[in-house]
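In what follows, a structure is listed as structure tokens, so that the remarks can point back to it.
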Amino acid sequence: MDFKLISDYKPTGDQPEAIKQIIEGFALGEKFQTLLGVTGSGKTFTVANVLSQLNKPTLVLSHNKTLAAQLYSEFKQFFPENAVEYFVSYYDYYQPEAYMPVTDTYIEKDLSINDEIEKLRLSTTSSLLSGRNDVIVISSVSCIYGIGNPEDFHKTKIIIHRNETISRNVFLRRLVDSLYSRNEVDFKPGTFRVRGDTIDIYLAYRDEGIRIEFWGDEIETIKSIDPISGHIIENHEEIVIFPANIFITSKDRVQQAIREIQDDMMKQKEFFKENGKFIEAQRIEERVEYDLEMIRELGHCPGIENYSRYFDGRKTGSRPFCLLDYFPDDFITIIDESHVTIPQVHAMYGGDNSRKKNLVEYGFRLPAAVDNRPLKFNEFEEIIDRTLFVSATPADFEMEKSGGVFIEQVIRPTGLLDPVIEVKPSLNQIDHLIGEINKRVDKKERILVTTLTKRMAEELSNYLIKLNIKTRYIHSDVITLDRVEILDGLRKGDFDVLVGVNLLREGLDLPEVSLVAILDADKEGFLRSERSLTQTAGRAARNLNGKVIMYADKVTRSMKKTIDETNRRREKQLKYNEENNITPQQIIKARFSLFDQRKDLINRPGVYADQARSDIAADPVVKYMSADGLEKAIANSKKKMEKAARELDFIEAARFRDEMYAYQEKLDELDTD
């Protein structure tokens with residue numbers, strides 16, 4: 001199936017030429033290209049148009065979950081009939097195993113897995129191995145971390161046809177081999193239930209079930225069903241059931257792995273003894289023996305990923321399998337915000353390797369643990385093929401890879417110009433800033449202020465609050481979910497000024513922001529480099545009255561380059577608007593709660609809570625409902641809540657969540673009675 005782009009808009013401004021150049025570049029054999037697109041120029045729409053013409057499976061790599069969620073939402077809207085998938089780390093919380101020899105402190109691994117994201121990861125691998133070309137995977141750098149062998153995953157899929165002859169018990173064993181578990185009570189993703197000649201399977205990677213009805217040893221019907229109500233959705237002649245877990249292997253390989261682990265444990269134990277490390281020798285023996293016993297009895301153990309090389313059948317030092325191995329040979333890679341994403345991919349291996357070496361050296365893990373790792377950067381480069389770097393400020397790496405040539409996209413479809421940049425002296429800068437803030441507050445516009453330190457951000461925020469200016473601060477010490485709420489509050493108008501150190505890391509477009517103030521702009525460094533200043537200034541580029549004020553006592557080289565480049569873009573944008581009779585229009589962008597935070601947001605009491613409770617309490621039907629009826633009502637509300645969340649309609653999701661809580665309160669009252 002080909003990509004089908006759905007949009008009410010047509011490419012305008014620089015977009016048609018950019019689309020043409022990218023497609024021609026790839027057709028001519030260019031492996032790397034760079035799209036230099038300013039904030040608000042419609043880079044995502046340009047990429048969508050390119051993909052719709054290339055019709056190749058695509059990896060869109062982003063440097064954080066927040067941006068990945070935004071891209072997922074946008075591509076879902078552009079390609080509603082195609083497979084747009086989301087692949088990020090499925091940990092809500094993750095504390096890796098570590099050992100600090102200086103203080104003799106061992107930190108055990110601790111984690112919390114998000115079941116919804118785990119399902120989306122499975123959906124991604126299933127789509128990629130389904131053979132279809134119309135797959136777009138939006139991913140964080142999680143895609144370079146180890147997962148199961150794609151060959152094992154592919155071999156373990158189950159293909160069945162209507163009228164096929166197969167023993168019911170043989171089919172059940174195949175389900176178990178694909179890591180589905182039998183559960184007659186709690187029918188949830190990754191389980192199946194058996195009722196006579198009927199088998200219901202709740203797919204681990206979709207919100208639907210499969211009902212298979214046997215007549216003797218013949219498959220009589222195959223149906224898609226609603227896993228909650230059991231209602232039939234569709235009849236099938238054939239269906240493919242993919243495994244319930246990305247990490248899957250055969251029984252023979254498990255037995256072989258156990259033998260190899262045992263042998264390596266004995267070698268490592270002898271190595272420690274020969275070097276006089278008797279504590280380490282005892283430690284590694286106890287750890288591995290315990291893990292092997294767990295694997296024999298339960299099929300898994302804590303930290304089993306450290307033995308992945310044995311289960312994958314890989315050689316010592318070889319790279320792990322990762323999501324990139326699930327793509328076909330000919331796929332496209334889009335690296336969003338490449339100036340940040342590329343360095344992040346570079347850095348992943350070093351930190352992981354340093355931590356693992358300590359664990360191995362002191363007997364907590366076998367040497368094979370270091371082979372459970374993210375890809376090295378050269379390994380990543382070897383796998384990817386045709387690649388498009390997308391950034392408003394491409395770094396030297398991207399420019400070098402694309403031969404110093406880039407495709408420029410500086411015209412915005414809305415006609416908006418790059419913001420005006422003014423330089424003001426640092427003397428009395430706060431007084432001047434307050435005056436500028438008040439002008440924006442009167443117009444109901446928002447303000448961003450960037451500082452160099454966390455303490456300065458907090459103190460400036462407190463000072464502005466004392467002057468009755470509604471202000472919040474944000475920096476790396478503020479937890480992720482609170483950052484999401486703060487940014488949403490800024491857009492809503494709960495406060496007018498947001499003070500931060502590096503507001504670029506939030507990665508959000510804020511069209512309500514008309515003023516960006518950069519304090520200490522002349523203090524050269526990472527936060528005041530040409531690239532950072534240009535990116536920061538871009539935060540004001542989505543507002544009709546966008547303006548940037550740099551407070552500085554001198555114009556540094558970085559400041560001058562930023563100002564010169566901004567003026568060059570403004571000149572080009574003004575000329576285009578005049579030639580095409582375009583009047584700049586303010587961007588009006590709907591607010592939405594971020595996809596990767598949806599579970600937390602759904603489980604949080606919200607504005608509908610009291611209303612939902614009072615409505616249900618007043619309902620005479622609910623008043624006399626039985627415990628069984630209330631449980632069904634809770635399940636129904638939960639189903640609707642999850643459906644709304646999947647569609648990114650978090651207002652509806654919150655309403656159904658509170659409705660579910662209200663039913664639960666009624667059920668609890670019955671239990672206490």
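Chain labels follow the order of the structure tokens: the first chain is A, the next B, and so on; residue numbering restarts at 1 in every chain, and ligands are counted from 1 in their shown order.
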Identify, with DSSP run on backbone atoms, the residues in range 44-108 of chain A assigned to helix (DSSP H, G or I), and express the list as a ChimeraX atom specification. /A:44-54,65-78
Mind dumping the selected residues with C-alpha atoms as a compact mmCIF listing (two decimals), in the first residue's frame?
# COMPACT_ATOMS: atom_id res chain seq x y z
CA THR A 44 6.89 18.39 8.98
CA PHE A 45 4.49 19.06 6.08
CA THR A 46 7.44 19.16 3.68
CA VAL A 47 8.69 15.82 4.98
CA ALA A 48 5.17 14.35 4.71
CA ASN A 49 5.00 15.37 1.05
CA VAL A 50 8.41 13.81 0.40
CA LEU A 51 7.38 10.52 2.02
CA SER A 52 4.11 10.40 0.10
CA GLN A 53 6.11 10.39 -3.13
CA LEU A 54 8.96 8.09 -2.09
CA LYS A 65 9.58 11.94 23.90
CA THR A 66 7.88 15.32 23.88
CA LEU A 67 8.86 16.11 20.30
CA ALA A 68 8.27 12.50 19.27
CA ALA A 69 4.71 12.79 20.61
CA GLN A 70 4.11 15.97 18.62
CA LEU A 71 5.47 14.41 15.44
CA TYR A 72 3.39 11.27 16.00
CA SER A 73 0.25 13.40 16.30
CA GLU A 74 1.08 15.38 13.15
CA PHE A 75 1.97 12.38 10.99
CA LYS A 76 -1.16 10.56 12.20
CA GLN A 77 -3.20 13.46 10.86
CA PHE A 78 -1.32 13.51 7.55
I'd like to know which residues of range 135-383 of chain A are strand (DSSP E) (by DSSP, run on the backbone); could you write them as a PyMOL selection string? chain A and resi 135-139+158-161+181-182+191-195+198-202+209-215+218-225+232-236+238-241+332-336
Can I get the residues of range 53-82 of chain A within 12 Å of range 126-129 of chain A, each with the closest pair of atoms and their distance in Å to one decimal, using only C-alpha atoms, sorted chain first then ascending number, as JSON lines?
{"residue": "A:Lys56", "atom": "CA", "partner": "A:Leu128", "partner_atom": "CA", "distance": 11.4}
{"residue": "A:Pro57", "atom": "CA", "partner": "A:Leu128", "partner_atom": "CA", "distance": 8.0}
{"residue": "A:Thr58", "atom": "CA", "partner": "A:Leu128", "partner_atom": "CA", "distance": 10.0}
{"residue": "A:Leu59", "atom": "CA", "partner": "A:Leu128", "partner_atom": "CA", "distance": 10.7}
{"residue": "A:Asn82", "atom": "CA", "partner": "A:Ser127", "partner_atom": "CA", "distance": 10.3}
So that I have them on file, write out the residues from the current selection with N, CA and C atoms, as a compact mmCIF listing (two decimals), in the first residue's frame.
# COMPACT_ATOMS: atom_id res chain seq x y z
N LYS A 56 8.41 4.71 0.89
CA LYS A 56 9.33 3.78 1.53
C LYS A 56 9.10 3.81 3.04
N PRO A 57 9.31 2.67 3.72
CA PRO A 57 9.24 2.69 5.18
C PRO A 57 10.19 3.74 5.73
N THR A 58 9.77 4.43 6.76
CA THR A 58 10.53 5.60 7.22
C THR A 58 10.70 5.60 8.74
N LEU A 59 11.90 5.94 9.16
CA LEU A 59 12.18 6.17 10.58
C LEU A 59 12.33 7.67 10.78
N ASN A 82 -2.55 5.07 6.86
CA ASN A 82 -1.30 4.31 6.83
C ASN A 82 -0.84 3.97 8.24
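Around Ile304 in chain A, within 10 Å and counting only C-alpha atoms, the residues found are A:Asp291, A:Leu292, A:Met294, A:Ile295, A:Gly299, A:His300, A:Cys301, A:Tyr307, A:Ser308, A:Phe311, A:Ala369, once anything fewer than 3 positions away on its own chain is removed.
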Contacts of Thr34 in chain A at 7 Å (only C-alpha atoms; same-chain gap of 5+ positions) as a list of chain:residue names: A:Leu388, A:Phe389, A:Val390, A:Glu398, A:Ser402, A:Phe406, A:Ile407
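The closest residue to Phe327 in chain A, picked from A:Lys31, A:Gly303, A:Tyr661, A:Pro150 and counting only C-alpha atoms, is A:Pro150.
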I'd like to know which of A:Asp8, A:Asp134, A:Glu459, A:Glu30 is closest to Gly500 in chain A, using only C-alpha atoms. A:Glu459
Name all residues at most 7 Å from Val420 in chain A (count only C-alpha atoms; drop same-chain ones fewer than 2 positions away) and give them as a VMD selection string. chain A and resid 418 422 546 to 548
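Excluding Asp186 in chain A and any residue on its chain fewer than 4 positions from it, the residues at most 12 Å away by only C-alpha atoms are Ser181, Arg182, Gly190, Thr191, Phe192, Arg193, Tyr202, Pro227, Ile228 and Ala635 of chain A.
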